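I have placed the structure first, in the form of structure tokens, so that the comments after it can refer back to it.
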Amino acid sequence: MKPTVLFDIDGVLADLTHGLTTLAHDLWGTPIITGENQPTWNFRNALNAQQQEAVWRIIGENPTFWGGLPSMIDAYDKAALILLAREADFTYITNRPNASAEVTQAWLETRVPAGTLIHTPNKAEWVMAHLPPDVPRYAIDDAPTNIMLYKDAGIPVVIMDRPYNRELWGKRVKSVQAFCDWVMMH
């Protein structure tokens with residue numbers, strides 16, 4: 001039986017931090033940072049509450065924003081994804097708004113192997129409700145809340161190592177390639 005591999009998008013495959021802070025920089029001249037260098041989860045180090053609210057409002061009004069995010073995967077990651085796709089079913093699972101589905105699908109199609117795209121506010125809940133319990137499944141995520149929800153549901157999750165999630169315990173990787181290698185060994 002092929003396992004299902006669950007890939008978070010923002011913070012793992014796409015650099016939301018770079019896109020969001022670039023938008024804020026264009027508006028207010030604030031610093032641009034990348035996901036690898038984001039020190040706190042909620043951007044409080046780079047943007048005040050009013051700026052965060054304004055940026056999220058602009059993003060909400062412009063679903064095409066998601067299509068312009070830079071990729072966080074390199075050639076080694078892509079090669080590992082291609083190899084793993086021969087052995088596993090891929091699900092790209094995100095907390096992005098449903099309005100971004102078409103743009104997100106187009107972004108994925110140009111960067112990663114084919115898979116199912118799921119938009120959901122609770123990833124672990126979706127997995128428990130939609131994947132048969134006898135199907136092996138492995139997840140990678142960077143968001144502390146998602147990681148804890150996966151763990152609480154008993155779903156094996158690997159942490160994409162970022163400064164804002166270092167207080168969490170568990171298997172960590174610094175690249176998609178390392179995650180793919182880990183899945184292949186299990």
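By order of appearance in the structure tokens: chains A, B, ..., then residues from 1 within every chain, and ligands from 1 in the order shown.
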**Shell around Thr30 in chain A at 8 Å using only C-alpha atoms, local window under 6 positions removed, as a ChimeraX atom specification** = /A:21,24,46-47
**Request:** Write out as a ChimeraX atom specification all residues of chain A that DSSP puts in alpha helix (DSSP H) for this structure's backbone.
**Result:** /A:16-28,49-61,75-85,101-109,123-130,144-152,176-184
**Non-local contacts of Trp28 in chain A (12 Å; only C-alpha atoms; under 3 positions in same chain excluded) as a VMD selection string** = chain A and resid 21 to 25 31 to 32 46 to 48 50 to 52 54 to 55
Rows by chain and residue number, range 8-33 of chain A within 8 Å of range 71-81 of chain A, shortest pair, only C-alpha atoms, as CSV:
```
residue,atom,partner,partner_atom,distance
A:Gly11,CA,A:Met72,CA,7.8
A:Val12,CA,A:Met72,CA,6.6
A:Leu13,CA,A:Met72,CA,5.0
A:Ala14,CA,A:Ser71,CA,4.6
A:Asp15,CA,A:Met72,CA,5.9
```
Once you have the residues from the selection above, write them out as a short mmCIF file (atom, residue, chain, number, x, y, z; two decimals), in the first residue's frame, restricted to all heavy atoms.
```
data_model
loop_
_atom_site.label_atom_id
_atom_site.label_comp_id
_atom_site.auth_asym_id
_atom_site.auth_seq_id
_atom_site.Cartn_x
_atom_site.Cartn_y
_atom_site.Cartn_z
N GLY A 11 5.88 27.99 4.13
CA GLY A 11 6.91 27.70 5.11
C GLY A 11 7.66 26.42 4.83
O GLY A 11 8.70 26.16 5.43
N VAL A 12 7.14 25.60 3.91
CA VAL A 12 7.80 24.36 3.51
C VAL A 12 8.15 24.40 2.02
O VAL A 12 9.29 24.21 1.64
CB VAL A 12 6.94 23.12 3.84
CG1 VAL A 12 7.56 21.84 3.29
CG2 VAL A 12 6.72 23.00 5.35
N LEU A 13 7.15 24.66 1.19
CA LEU A 13 7.37 24.73 -0.25
C LEU A 13 7.42 26.17 -0.77
O LEU A 13 8.18 26.47 -1.69
CB LEU A 13 6.25 23.97 -0.99
CG LEU A 13 6.06 22.51 -0.61
CD1 LEU A 13 4.84 21.93 -1.33
CD2 LEU A 13 7.30 21.70 -0.92
N ALA A 14 6.60 27.04 -0.21
CA ALA A 14 6.50 28.44 -0.66
C ALA A 14 6.90 29.37 0.48
O ALA A 14 6.60 29.10 1.64
CB ALA A 14 5.08 28.75 -1.10
N ASP A 15 7.55 30.47 0.13
CA ASP A 15 8.02 31.42 1.14
C ASP A 15 7.00 32.54 1.36
O ASP A 15 7.13 33.64 0.83
CB ASP A 15 9.37 31.98 0.75
CG ASP A 15 10.09 32.60 1.93
OD1 ASP A 15 9.43 32.92 2.94
OD2 ASP A 15 11.32 32.77 1.84
#
```
Shell around range 96-107 of chain A at 7 Å using only C-alpha atoms, local window under 4 positions removed, as an mmCIF file with all heavy atoms, in the first residue's frame:
```
data_model
loop_
_atom_site.group_PDB
_atom_site.id
_atom_site.type_symbol
_atom_site.label_atom_id
_atom_site.label_comp_id
_atom_site.auth_asym_id
_atom_site.auth_seq_id
_atom_site.Cartn_x
_atom_site.Cartn_y
_atom_site.Cartn_z
ATOM 1 N N PRO A 63 -6.497 37.157 -4.132
ATOM 2 C CA PRO A 63 -6.077 35.761 -4.069
ATOM 3 C C PRO A 63 -4.901 35.434 -4.991
ATOM 4 O O PRO A 63 -4.208 34.441 -4.784
ATOM 5 C CB PRO A 63 -7.319 34.969 -4.467
ATOM 6 C CG PRO A 63 -8.426 35.928 -4.660
ATOM 7 C CD PRO A 63 -7.894 37.317 -4.478
ATOM 8 N N THR A 64 -4.632 36.295 -5.986
ATOM 9 C CA THR A 64 -3.493 36.051 -6.867
ATOM 10 C C THR A 64 -2.156 36.231 -6.138
ATOM 11 O O THR A 64 -1.126 35.781 -6.629
ATOM 12 C CB THR A 64 -3.532 36.973 -8.096
ATOM 13 O OG1 THR A 64 -3.558 38.334 -7.645
ATOM 14 C CG2 THR A 64 -4.757 36.677 -8.952
ATOM 15 N N TRP A 66 -0.993 34.631 -3.763
ATOM 16 C CA TRP A 66 -0.401 33.326 -3.462
ATOM 17 C C TRP A 66 0.387 32.771 -4.649
ATOM 18 O O TRP A 66 1.338 32.011 -4.464
ATOM 19 C CB TRP A 66 -1.502 32.350 -3.044
ATOM 20 C CG TRP A 66 -2.283 32.866 -1.881
ATOM 21 C CD1 TRP A 66 -3.500 33.510 -1.928
ATOM 22 C CD2 TRP A 66 -1.914 32.834 -0.508
ATOM 23 N NE1 TRP A 66 -3.898 33.869 -0.664
ATOM 24 C CE2 TRP A 66 -2.947 33.456 0.230
ATOM 25 C CE3 TRP A 66 -0.810 32.325 0.175
ATOM 26 C CZ2 TRP A 66 -2.907 33.586 1.616
ATOM 27 C CZ3 TRP A 66 -0.776 32.456 1.554
ATOM 28 C CH2 TRP A 66 -1.807 33.073 2.259
ATOM 29 N N GLY A 67 0.035 33.152 -5.846
ATOM 30 C CA GLY A 67 0.734 32.662 -7.031
ATOM 31 C C GLY A 67 2.094 33.291 -7.248
ATOM 32 O O GLY A 67 2.905 32.768 -8.008
ATOM 33 N N ARG A 111 5.956 23.408 -10.020
ATOM 34 C CA ARG A 111 7.078 23.235 -9.096
ATOM 35 C C ARG A 111 7.240 21.854 -8.488
ATOM 36 O O ARG A 111 8.340 21.481 -8.101
ATOM 37 C CB ARG A 111 6.979 24.264 -7.971
ATOM 38 C CG ARG A 111 7.211 25.688 -8.471
ATOM 39 C CD ARG A 111 6.784 26.707 -7.440
ATOM 40 N NE ARG A 111 7.065 28.056 -7.906
ATOM 41 C CZ ARG A 111 6.244 28.761 -8.680
ATOM 42 N NH1 ARG A 111 5.110 28.259 -9.085
ATOM 43 N NH2 ARG A 111 6.579 29.990 -9.052
ATOM 44 N N LEU A 117 -4.709 18.716 -3.789
ATOM 45 C CA LEU A 117 -4.634 19.965 -3.028
ATOM 46 C C LEU A 117 -5.829 20.051 -2.098
ATOM 47 O O LEU A 117 -6.982 19.918 -2.537
ATOM 48 C CB LEU A 117 -4.617 21.176 -3.967
ATOM 49 C CG LEU A 117 -4.713 22.548 -3.308
ATOM 50 C CD1 LEU A 117 -3.532 22.799 -2.364
ATOM 51 C CD2 LEU A 117 -4.791 23.641 -4.363
ATOM 52 N N HIS A 119 -7.512 22.476 1.025
ATOM 53 C CA HIS A 119 -7.570 23.699 1.838
ATOM 54 C C HIS A 119 -8.430 23.378 3.051
ATOM 55 O O HIS A 119 -9.589 22.988 2.891
ATOM 56 C CB HIS A 119 -8.211 24.847 1.052
ATOM 57 C CG HIS A 119 -7.380 25.343 -0.076
ATOM 58 N ND1 HIS A 119 -6.690 26.521 0.001
ATOM 59 C CD2 HIS A 119 -7.119 24.827 -1.293
ATOM 60 C CE1 HIS A 119 -6.042 26.708 -1.139
ATOM 61 N NE2 HIS A 119 -6.284 25.695 -1.935
#
```
**Complete:** Computed gap from CA of Tyr92 in chain A to CA of Leu168 in chain A is 22.4 Å
**Message:** Restricting the calculation to only C-alpha atoms: of A:Ile155, A:Ile59, A:Ala88, A:Met185, which residue gets closest to Pro113 in chain A?
**Reply:** A:Ala88
I'd like the contact shell of Asn146 in chain A - 8 Å cut-off, only C-alpha atoms, skipping same-chain residues fewer than 5 positions apart - returned as a PDB file with N, CA, C and O atoms, in the first residue's frame.
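In the end it all went to result_20.pdb:
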```
ATOM      1  N   ASN A 122      -8.122  22.867   9.664  1.00  0.00           N
ATOM      2  CA  ASN A 122      -7.516  21.918  10.600  1.00  0.00           C
ATOM      3  C   ASN A 122      -7.013  20.705   9.825  1.00  0.00           C
ATOM      4  O   ASN A 122      -7.793  19.816   9.455  1.00  0.00           O
ATOM      5  N   LYS A 123      -5.712  20.674   9.591  1.00  0.00           N
ATOM      6  CA  LYS A 123      -5.113  19.624   8.767  1.00  0.00           C
ATOM      7  C   LYS A 123      -5.277  18.244   9.387  1.00  0.00           C
ATOM      8  O   LYS A 123      -5.653  17.283   8.698  1.00  0.00           O
ATOM      9  N   ALA A 124      -4.980  18.105  10.660  1.00  0.00           N
ATOM     10  CA  ALA A 124      -5.072  16.798  11.317  1.00  0.00           C
ATOM     11  C   ALA A 124      -6.500  16.274  11.290  1.00  0.00           C
ATOM     12  O   ALA A 124      -6.733  15.084  11.023  1.00  0.00           O
ATOM     13  N   ASP A 141       5.460  19.955   8.282  1.00  0.00           N
ATOM     14  CA  ASP A 141       4.845  21.261   8.513  1.00  0.00           C
ATOM     15  C   ASP A 141       5.825  22.108   9.302  1.00  0.00           C
ATOM     16  O   ASP A 141       6.741  21.582   9.939  1.00  0.00           O
TER      17      ASP A 141
END
```
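Distance annotation: of A:Glu36, A:Val112, A:Ala49, A:Phe90, the residue with the minimal separation from Asp161 in chain A is A:Glu36; atom set is only C-alpha atoms.
Secondary structure from DSSP on the backbone puts strand (DSSP E) at the following positions of chain A: Thr4, Val5, Leu6, Phe7, Asp8, Asp89, Phe90, Thr91, Tyr92, Ile93, Thr94, Thr116, Leu117, Ile118, His119, Arg137, Tyr138, Ala139, Ile140, Asp141, Val157, Val158, Ile159, Met160, Arg172 and Val173 of chain A.
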Next, dump the selected residues to file, keeping only N, CA, C and O atoms, as an mmCIF file, in the first residue's frame.
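Listing of result-v2.cif after writing:
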```cif
data_model
loop_
_atom_site.group_PDB
_atom_site.id
_atom_site.type_symbol
_atom_site.label_atom_id
_atom_site.label_comp_id
_atom_site.auth_asym_id
_atom_site.auth_seq_id
_atom_site.Cartn_x
_atom_site.Cartn_y
_atom_site.Cartn_z
ATOM 1 N N THR A 4 0.594 7.960 2.062
ATOM 2 C CA THR A 4 0.216 9.322 1.693
ATOM 3 C C THR A 4 1.170 10.270 2.401
ATOM 4 O O THR A 4 1.365 10.167 3.611
ATOM 5 N N VAL A 5 1.764 11.150 1.639
ATOM 6 C CA VAL A 5 2.688 12.138 2.188
ATOM 7 C C VAL A 5 2.003 13.502 2.116
ATOM 8 O O VAL A 5 1.535 13.912 1.054
ATOM 9 N N LEU A 6 1.937 14.145 3.277
ATOM 10 C CA LEU A 6 1.215 15.411 3.430
ATOM 11 C C LEU A 6 2.209 16.565 3.513
ATOM 12 O O LEU A 6 2.979 16.646 4.470
ATOM 13 N N PHE A 7 2.194 17.415 2.515
ATOM 14 C CA PHE A 7 3.105 18.554 2.467
ATOM 15 C C PHE A 7 2.364 19.845 2.792
ATOM 16 O O PHE A 7 1.402 20.196 2.096
ATOM 17 N N ASP A 8 2.819 20.539 3.816
ATOM 18 C CA ASP A 8 2.375 21.912 4.028
ATOM 19 C C ASP A 8 2.935 22.734 2.873
ATOM 20 O O ASP A 8 3.965 22.366 2.283
ATOM 21 N N ASP A 89 1.656 8.636 -2.535
ATOM 22 C CA ASP A 89 0.669 9.603 -3.006
ATOM 23 C C ASP A 89 0.913 10.913 -2.276
ATOM 24 O O ASP A 89 1.148 10.914 -1.071
ATOM 25 N N PHE A 90 0.865 12.016 -3.000
ATOM 26 C CA PHE A 90 1.125 13.327 -2.418
ATOM 27 C C PHE A 90 -0.181 14.074 -2.176
ATOM 28 O O PHE A 90 -1.056 14.120 -3.042
ATOM 29 N N THR A 91 -0.269 14.688 -1.004
ATOM 30 C CA THR A 91 -1.339 15.621 -0.692
ATOM 31 C C THR A 91 -0.695 16.914 -0.232
ATOM 32 O O THR A 91 0.142 16.908 0.669
ATOM 33 N N TYR A 92 -1.052 17.998 -0.887
ATOM 34 C CA TYR A 92 -0.579 19.327 -0.508
ATOM 35 C C TYR A 92 -1.708 19.934 0.313
ATOM 36 O O TYR A 92 -2.798 20.176 -0.202
ATOM 37 N N ILE A 93 -1.439 20.159 1.595
ATOM 38 C CA ILE A 93 -2.496 20.530 2.526
ATOM 39 C C ILE A 93 -2.160 21.886 3.140
ATOM 40 O O ILE A 93 -1.046 22.089 3.633
ATOM 41 N N THR A 94 -3.110 22.799 3.075
ATOM 42 C CA THR A 94 -2.816 24.180 3.445
ATOM 43 C C THR A 94 -3.957 24.816 4.232
ATOM 44 O O THR A 94 -5.111 24.412 4.097
ATOM 45 N N THR A 116 -2.895 15.837 -4.661
ATOM 46 C CA THR A 116 -4.189 16.397 -4.302
ATOM 47 C C THR A 116 -3.976 17.657 -3.480
ATOM 48 O O THR A 116 -3.152 17.660 -2.560
ATOM 49 N N LEU A 117 -4.709 18.716 -3.789
ATOM 50 C CA LEU A 117 -4.634 19.965 -3.028
ATOM 51 C C LEU A 117 -5.829 20.051 -2.098
ATOM 52 O O LEU A 117 -6.982 19.918 -2.537
ATOM 53 N N ILE A 118 -5.544 20.273 -0.812
ATOM 54 C CA ILE A 118 -6.594 20.394 0.206
ATOM 55 C C ILE A 118 -6.422 21.724 0.933
ATOM 56 O O ILE A 118 -5.337 22.043 1.405
ATOM 57 N N HIS A 119 -7.512 22.476 1.025
ATOM 58 C CA HIS A 119 -7.570 23.699 1.838
ATOM 59 C C HIS A 119 -8.430 23.378 3.051
ATOM 60 O O HIS A 119 -9.589 22.988 2.891
ATOM 61 N N ARG A 137 0.864 7.323 6.625
ATOM 62 C CA ARG A 137 0.856 8.750 6.292
ATOM 63 C C ARG A 137 1.957 9.450 7.063
ATOM 64 O O ARG A 137 2.225 9.136 8.217
ATOM 65 N N TYR A 138 2.545 10.419 6.383
ATOM 66 C CA TYR A 138 3.637 11.198 6.946
ATOM 67 C C TYR A 138 3.414 12.644 6.558
ATOM 68 O O TYR A 138 3.098 12.941 5.420
ATOM 69 N N ALA A 139 3.605 13.542 7.518
ATOM 70 C CA ALA A 139 3.372 14.966 7.264
ATOM 71 C C ALA A 139 4.641 15.757 7.529
ATOM 72 O O ALA A 139 5.477 15.366 8.351
ATOM 73 N N ILE A 140 4.760 16.883 6.829
ATOM 74 C CA ILE A 140 5.794 17.872 7.124
ATOM 75 C C ILE A 140 5.105 19.215 7.229
ATOM 76 O O ILE A 140 4.258 19.571 6.399
ATOM 77 N N ASP A 141 5.460 19.955 8.282
ATOM 78 C CA ASP A 141 4.845 21.261 8.513
ATOM 79 C C ASP A 141 5.825 22.108 9.302
ATOM 80 O O ASP A 141 6.741 21.582 9.939
ATOM 81 N N VAL A 157 4.580 13.411 12.122
ATOM 82 C CA VAL A 157 4.868 14.715 11.526
ATOM 83 C C VAL A 157 6.348 15.038 11.733
ATOM 84 O O VAL A 157 6.908 14.803 12.802
ATOM 85 N N VAL A 158 6.945 15.536 10.688
ATOM 86 C CA VAL A 158 8.324 16.008 10.725
ATOM 87 C C VAL A 158 8.270 17.531 10.704
ATOM 88 O O VAL A 158 7.488 18.124 9.955
ATOM 89 N N ILE A 159 9.089 18.144 11.527
ATOM 90 C CA ILE A 159 9.106 19.595 11.662
ATOM 91 C C ILE A 159 10.107 20.196 10.676
ATOM 92 O O ILE A 159 11.290 19.846 10.700
ATOM 93 N N MET A 160 9.613 21.083 9.809
ATOM 94 C CA MET A 160 10.525 21.853 8.964
ATOM 95 C C MET A 160 11.146 22.885 9.886
ATOM 96 O O MET A 160 10.459 23.771 10.388
ATOM 97 N N ARG A 172 13.227 16.712 13.081
ATOM 98 C CA ARG A 172 13.370 17.965 12.342
ATOM 99 C C ARG A 172 14.184 17.748 11.081
ATOM 100 O O ARG A 172 15.086 16.924 11.074
ATOM 101 N N VAL A 173 13.877 18.525 10.078
ATOM 102 C CA VAL A 173 14.685 18.551 8.859
ATOM 103 C C VAL A 173 14.875 20.000 8.446
ATOM 104 O O VAL A 173 14.102 20.874 8.829
#
```
**Message:** If I take CA of Lys151 in chain A and CA of Gly19 in chain A, how far is one from the other in Å, to one decimal?
**Reply:**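 Value for the CA of Lys151 in chain A-CA of Gly19 in chain A distance: 28.7 Å.
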**Atom-to-atom span, CA of Pro3 in chain A and CA of Lys171 in chain A, Å** = 18.4 Å
